[in-house]
>>> print(open('target.csv').read())   # CSV, C-alpha atoms and all ligand atoms
chain,number,residue,atom,x,y,z
H,4,MET,CA,23.1,-20.9,-10.3
H,5,GLY,CA,22.5,-18.2,-7.8
H,6,ASN,CA,25.4,-17.3,-5.5
H,7,ASN,CA,23.4,-19.2,-2.8
H,8,ARG,CA,24.5,-17.4,0.3
H,9,VAL,CA,21.4,-17.3,2.4
H,10,CYS,CA,20.8,-14.1,4.4
H,11,PRO,CA,21.2,-15.1,8.1
H,12,VAL,CA,18.4,-14.7,10.6
H,13,GLU,CA,20.6,-12.4,12.7
H,14,ARG,CA,20.5,-9.9,9.8
H,15,SER,CA,16.8,-9.6,9.8
H,16,GLY,CA,16.8,-6.5,12.0
H,17,SER,CA,18.7,-4.6,9.3
H,18,LEU,CA,16.1,-5.5,6.8
H,19,ASP,CA,13.3,-4.1,8.9
H,20,THR,CA,14.1,-0.5,9.7
H,21,GLY,CA,12.3,2.9,9.5
H,22,PHE,CA,15.0,4.1,7.2
H,23,ARG,CA,14.3,1.3,4.8
H,24,LYS,CA,10.6,2.1,4.9
H,25,TRP,CA,11.5,5.6,3.8
H,26,LEU,CA,13.9,4.3,1.0
H,27,GLN,CA,11.6,1.5,-0.2
H,28,ASP,CA,8.0,2.5,0.4
H,29,SER,CA,5.9,-0.6,0.0
H,30,GLN,CA,2.8,1.3,-0.9
H,31,LYS,CA,4.6,3.2,-3.7
H,32,ILE,CA,6.3,0.1,-5.1
H,33,LEU,CA,3.5,-2.3,-4.8
H,34,HIS,CA,0.2,-0.4,-5.2
H,35,PRO,CA,0.1,-1.0,-9.1
H,36,TYR,CA,0.2,-4.7,-8.5
H,37,VAL,CA,-1.4,-5.7,-5.2
H,38,LYS,CA,-5.2,-5.3,-5.1
H,39,GLU,CA,-8.0,-6.1,-2.7
H,40,GLY,CA,-9.0,-9.8,-2.6
H,41,MET,CA,-5.8,-11.1,-4.3
H,42,THR,CA,-3.8,-14.1,-3.2
H,43,VAL,CA,-0.1,-13.0,-3.1
H,44,LEU,CA,3.0,-15.1,-2.5
H,45,ASP,CA,5.8,-13.3,-0.7
H,46,PHE,CA,8.7,-15.5,-1.7
H,47,GLY,CA,11.7,-15.2,0.7
H,48,CYS,CA,9.6,-13.1,3.0
H,49,GLY,CA,12.3,-12.8,5.7
H,50,SER,CA,11.0,-11.2,8.8
H,51,GLY,CA,8.1,-9.7,6.8
H,52,PHE,CA,9.2,-6.2,5.8
H,53,PHE,CA,6.7,-6.3,2.8
H,54,THR,CA,4.4,-9.0,4.1
H,55,VAL,CA,2.4,-7.1,6.6
H,56,ASP,CA,1.9,-4.1,4.3
H,57,MET,CA,0.7,-6.4,1.5
H,58,ALA,CA,-1.7,-8.1,4.0
H,59,HIS,CA,-3.2,-4.6,4.5
H,60,MET,CA,-3.4,-4.0,0.8
H,61,VAL,CA,-5.2,-7.3,-0.1
H,62,GLY,CA,-7.8,-6.6,2.7
H,63,GLU,CA,-9.9,-9.1,4.6
H,64,SER,CA,-10.8,-11.2,1.6
H,65,GLY,CA,-7.2,-11.5,0.4
H,66,ARG,CA,-4.4,-13.8,1.5
H,67,ILE,CA,-0.6,-13.6,1.7
H,68,ILE,CA,1.4,-16.8,1.5
H,69,ALA,CA,4.6,-15.9,3.2
H,70,VAL,CA,7.3,-18.4,2.2
H,71,ASP,CA,10.9,-18.7,3.6
H,72,LEU,CA,13.6,-21.3,3.8
H,73,GLN,CA,14.4,-20.4,7.4
H,74,GLU,CA,12.1,-21.2,10.3
H,75,GLY,CA,13.9,-18.4,12.2
H,76,MET,CA,12.7,-15.8,9.7
H,77,LEU,CA,9.1,-17.1,9.8
H,78,GLU,CA,9.2,-17.0,13.6
H,79,LYS,CA,10.1,-13.3,13.5
H,80,LEU,CA,7.1,-12.7,11.2
H,81,ARG,CA,4.9,-14.9,13.4
H,82,GLU,CA,5.8,-12.7,16.5
H,83,LYS,CA,5.1,-9.6,14.5
H,84,ILE,CA,1.5,-10.5,13.5
H,85,GLN,CA,0.5,-12.4,16.6
H,86,GLY,CA,-2.7,-10.9,18.0
H,87,THR,CA,-3.2,-8.6,15.0
H,88,GLU,CA,-5.9,-8.6,12.3
H,89,TYR,CA,-3.3,-9.9,9.9
H,90,GLU,CA,-2.7,-13.2,11.7
H,91,GLU,CA,-5.5,-14.9,9.7
H,92,ARG,CA,-4.6,-13.3,6.4
H,93,ILE,CA,-1.0,-14.4,6.4
H,94,ILE,CA,-0.2,-18.1,5.9
H,95,LEU,CA,3.3,-19.0,6.9
H,96,HIS,CA,5.0,-21.7,4.9
H,97,LYS,CA,8.5,-23.1,5.3
H,98,CYS,CA,9.8,-24.2,2.0
H,99,GLU,CA,12.8,-26.4,0.9
H,100,LYS,CA,15.9,-25.0,-0.8
H,101,ASP,CA,14.8,-26.3,-4.2
H,102,THR,CA,11.0,-26.2,-4.0
H,103,ILE,CA,8.4,-23.7,-2.9
H,104,GLY,CA,5.9,-26.5,-2.5
H,105,ILE,CA,2.5,-24.8,-2.4
H,106,ALA,CA,-0.4,-26.3,-4.3
H,107,GLN,CA,-2.3,-23.1,-4.8
H,108,GLN,CA,-2.0,-20.7,-7.7
H,109,VAL,CA,-1.6,-17.0,-6.9
H,110,ASP,CA,-2.3,-13.6,-8.5
H,111,PHE,CA,1.0,-11.9,-7.7
H,112,ILE,CA,4.5,-13.0,-6.4
H,113,LEU,CA,7.0,-10.7,-4.8
H,114,ALA,CA,10.7,-11.9,-4.7
H,115,PHE,CA,12.6,-9.0,-3.1
H,116,TYR,CA,16.3,-9.5,-2.6
H,117,VAL,CA,16.1,-13.3,-2.8
H,118,VAL,CA,16.4,-14.7,-6.3
H,119,HIS,CA,20.3,-14.6,-6.2
H,120,GLU,CA,20.1,-16.8,-3.1
H,121,VAL,CA,18.2,-19.5,-4.9
H,122,PRO,CA,20.5,-22.4,-5.9
H,123,HIS,CA,18.8,-23.6,-9.1
H,124,GLN,CA,17.1,-20.7,-10.7
H,125,ASP,CA,16.0,-22.6,-13.8
H,126,MET,CA,13.9,-25.0,-11.7
H,127,PHE,CA,12.8,-22.1,-9.5
H,128,PHE,CA,11.3,-20.1,-12.5
H,129,LYS,CA,9.6,-23.3,-13.8
H,130,GLU,CA,7.8,-23.7,-10.4
H,131,ILE,CA,7.0,-19.9,-10.5
H,132,GLN,CA,5.4,-20.4,-13.9
H,133,SER,CA,3.1,-23.1,-12.6
H,134,THR,CA,2.4,-21.2,-9.4
H,135,LEU,CA,1.2,-18.1,-11.1
H,136,LYS,CA,-2.4,-17.8,-12.4
H,137,LYS,CA,-2.8,-16.9,-16.1
H,138,ASN,CA,-1.8,-13.2,-16.5
H,139,GLY,CA,-0.4,-13.3,-13.0
H,140,LEU,CA,2.6,-11.1,-12.3
H,141,MET,CA,5.8,-11.4,-10.4
H,142,LEU,CA,8.0,-8.6,-9.2
H,143,VAL,CA,11.7,-9.4,-8.8
H,144,VAL,CA,13.9,-6.9,-7.1
H,145,GLU,CA,17.6,-7.6,-6.7
H,146,PRO,CA,20.3,-5.7,-4.7
H,147,PRO,CA,22.2,-3.6,-7.3
H,148,PHE,CA,25.8,-3.9,-6.0
H,149,HIS,CA,25.5,-7.5,-4.9
H,150,VAL,CA,23.9,-8.7,-8.2
H,151,SER,CA,25.8,-7.6,-11.3
H,152,ALA,CA,24.1,-6.5,-14.5
H,153,LYS,CA,25.2,-9.7,-16.1
H,154,ALA,CA,23.9,-11.9,-13.3
H,155,PHE,CA,20.6,-10.0,-13.3
H,156,ARG,CA,20.3,-10.5,-17.1
H,157,GLN,CA,20.9,-14.2,-16.6
H,158,GLU,CA,18.1,-14.4,-14.0
H,159,VAL,CA,15.7,-12.7,-16.5
H,160,GLU,CA,16.8,-15.1,-19.3
H,161,LYS,CA,16.1,-18.1,-17.0
H,162,ALA,CA,12.6,-16.7,-16.3
H,163,GLN,CA,12.0,-16.3,-20.0
H,164,GLU,CA,13.2,-19.8,-20.8
H,165,ALA,CA,10.6,-21.0,-18.2
H,166,GLY,CA,7.9,-19.3,-20.3
H,167,LEU,CA,7.5,-16.0,-18.5
H,168,THR,CA,7.4,-12.6,-20.3
H,169,ALA,CA,9.8,-9.9,-19.0
H,170,CYS,CA,8.5,-6.3,-18.8
H,171,GLU,CA,10.0,-3.1,-17.3
H,172,GLY,CA,9.8,-3.1,-13.5
H,173,PRO,CA,9.1,-0.1,-11.3
H,174,LYS,CA,11.9,2.2,-10.1
H,175,VAL,CA,13.1,1.1,-6.7
H,176,LEU,CA,16.0,2.8,-4.8
H,177,PHE,CA,18.7,0.2,-4.3
H,178,GLY,CA,17.0,-2.3,-6.6
H,179,LYS,CA,17.3,-3.8,-10.1
H,180,THR,CA,13.8,-4.7,-11.0
H,181,VAL,CA,11.8,-6.7,-13.6
H,182,ILE,CA,8.1,-7.6,-13.9
H,183,LEU,CA,7.5,-11.2,-15.1
H,184,LYS,CA,4.2,-12.1,-16.6
H,185,LYS,CA,2.6,-15.5,-17.2
H,186,GLY,CA,1.2,-15.1,-20.7
H,187,LYS,CA,2.1,-12.6,-23.5
V,1,LIG,C1,17.9,-10.7,2.0
V,1,LIG,S1,16.5,-11.5,2.7
V,1,LIG,C2,15.1,-10.6,2.0
V,1,LIG,C3,13.9,-10.7,2.9
V,1,LIG,C4,12.7,-9.9,2.4
V,1,LIG,N1,12.3,-10.3,1.1
V,1,LIG,C5,13.0,-8.4,2.4
V,1,LIG,O1,13.1,-7.8,1.4
V,1,LIG,O2,13.1,-7.9,3.5
V,1,LIG,C6,16.4,-13.0,1.8
V,1,LIG,C7,15.4,-14.0,2.4
V,1,LIG,O3,15.2,-15.1,1.4
V,1,LIG,C8,15.2,-16.4,2.1
V,1,LIG,N2,15.7,-17.4,1.2
V,1,LIG,C9,16.9,-17.6,0.7
V,1,LIG,N3,17.0,-18.7,-0.2
V,1,LIG,C10,15.7,-19.1,-0.2
V,1,LIG,C11,15.0,-20.2,-1.0
V,1,LIG,N4,15.7,-21.0,-1.7
V,1,LIG,N5,13.7,-20.3,-0.8
V,1,LIG,C12,13.0,-19.5,0.0
V,1,LIG,N6,13.6,-18.5,0.7
V,1,LIG,C13,14.9,-18.3,0.6
V,1,LIG,C14,16.2,-16.1,3.2
V,1,LIG,O4,16.0,-17.0,4.3
V,1,LIG,C15,15.9,-14.7,3.6
V,1,LIG,O5,14.8,-14.6,4.6
>>> encode(input="target.csv", output="structure tokens")
Amino acid sequence: MGNNRVCPVERSGSLDTGFRKWLQDSQKILHPYVKEGMTVLDFGCGSGFFTVDMAHMVGESGRIIAVDLQEGMLEKLREKIQGTEYEERIILHKCEKDTIGIAQQVDFILAFYVVHEVPHQDMFFKEIQSTLKKNGLMLVVEPPFHVSAKAFRQEVEKAQEAGLTACEGPKVLFGKTVILKKGK
């Protein structure tokens, strides 16, 4: 089980700062994985700290499916992209606690600071496995103090039990990372 304390909407401002952009540069972290024309799932997108930059990276022919449990988070993202070129590229989807609920398969999934909030991680990773295209990748980043080494290892084990292959993740300041791959 994750520790299941969902980040409140009132905290979204602290996730979306210039200082964080400097600490966790989306281009540096994501450019090896996010390419033009891809369909990307931003799971637990919050107010969209990474969503908009990824929409830029996938270009006009790509799509971002921005998924969150809380309508309030999606509303913040909606306000951010309203009237911009990204409005058509970003599909907002409110999920349920235990299911993502999208029919489409995707090339890449980002789950930044969210897996520990998911209640049933075994079910979650099974759904991830069926949501990824063959050879698709997922980047999981967890907060290093909040999620212990043991809890992180357990998350990775659940992903492996669901059939995903774990590989070394990129270096992220204030992040424990892993890349999960569908296929060997
Ligand atoms: C700490 S915030 C991180 C937001 C964003 N990924 C970022 O790095 O700025 C965690 C987000 O995950 C969402 N969340 C928590 N549990 C979830 C679940 N079971 N399914 C989908 N989203 C969830 C929360 O609503 C919140 O917006």
>>> residues_around(input="target.csv", residues="Ala162 of chain H", least_positions_apart="2", cutoff="10 Å", atoms="all atoms listed in the file", output="list of chain:residue names")
H:Gln124, H:Asp125, H:Met126, H:Phe127, H:Phe128, H:Lys129, H:Ile131, H:Gln132, H:Arg156, H:Gln157, H:Glu158, H:Val159, H:Glu160, H:Glu164, H:Ala165, H:Gly166, H:Leu167, H:Thr168, H:Ala169, H:Leu183, H:Lys184
>>> residues_around(input="target.csv", residues="Gly172 of chain H", least_positions_apart="3", cutoff="12 Å", atoms="all atoms listed in the file", output="ChimeraX atom specification")
/H:32-33,35-36,113,140-145,159,168-169,175,178-184
>>> residues_near_point(input="target.csv", point="(11.9, -23.7, 13.1)", cutoff="12 Å", atoms="only C-alpha atoms", output="PyMOL selection string")
chain H and resi 12+71-79+81+95-98
>>> residues_near_ligand(input="target.csv", ligand="ligand LIG 1 (chain V)", cutoff="6 Å", atoms="only C-alpha atoms and all ligand atoms", output="list in words")
Val9, Cys10, Leu18, Gly47, Cys48, Gly49, Phe52, Asp71, Leu72, Gln73, Met76, Lys100, Asp101, Phe115, Tyr116, Val117, Glu120 and Val121 of chain H
>>> atom_distance(input="target.csv", atom1="atom CA of Thr42 of chain H", atom2="atom CA of Val61 of chain H")
7.6 Å
>>> residues_around(input="target.csv", residues="Lys24 of chain H", least_positions_apart="4", cutoff="12 Å", atoms="all atoms listed in the file", output="list of chain:residue names")
H:Ser17, H:Leu18, H:Asp19, H:Thr20, H:Asp28, H:Ser29, H:Gln30, H:Lys31, H:Ile32, H:Phe52, H:Phe53, H:Asp56, H:Val175, H:Leu176
>>> closest_residue(input="target.csv", among="H:Val150, H:Ile112, H:Met60, H:Val55", to="Gln85 of chain H", atoms="all atoms listed in the file")
H:Val55
>>> closest_residue(input="target.csv", among="H:Asn138, H:Thr54, H:Ser151, H:Ser133", to="His119 of chain H", atoms="all atoms listed in the file")
H:Ser151
>>> atom_distance(input="target.csv", atom1="atom CA of Val43 of chain H", atom2="atom CA of His59 of chain H")
11.7 Å
>>> atom_distance(input="target.csv", atom1="atom CA of Pro173 of chain H", atom2="atom CA of His123 of chain H")
25.5 Å
>>> closest_residue(input="target.csv", among="H:Val109, H:Phe148, H:Ser50, H:Val70", to="Arg14 of chain H", atoms="only C-alpha atoms")
H:Ser50
>>> closest_residue(input="target.csv", among="H:Gly104, H:Leu80, H:Ile67, H:Glu88", to="Glu39 of chain H", atoms="only C-alpha atoms")
H:Ile67
>>> closest_residue(input="target.csv", among="H:Pro122, H:Asp110, H:Gln163, H:Arg92", to="Lys137 of chain H", atoms="only C-alpha atoms")
H:Asp110
>>> closest_residue(input="target.csv", among="H:Pro11, H:Gly86, H:Gly139, H:Gly40", to="Gln108 of chain H", atoms="only C-alpha atoms")
H:Gly139
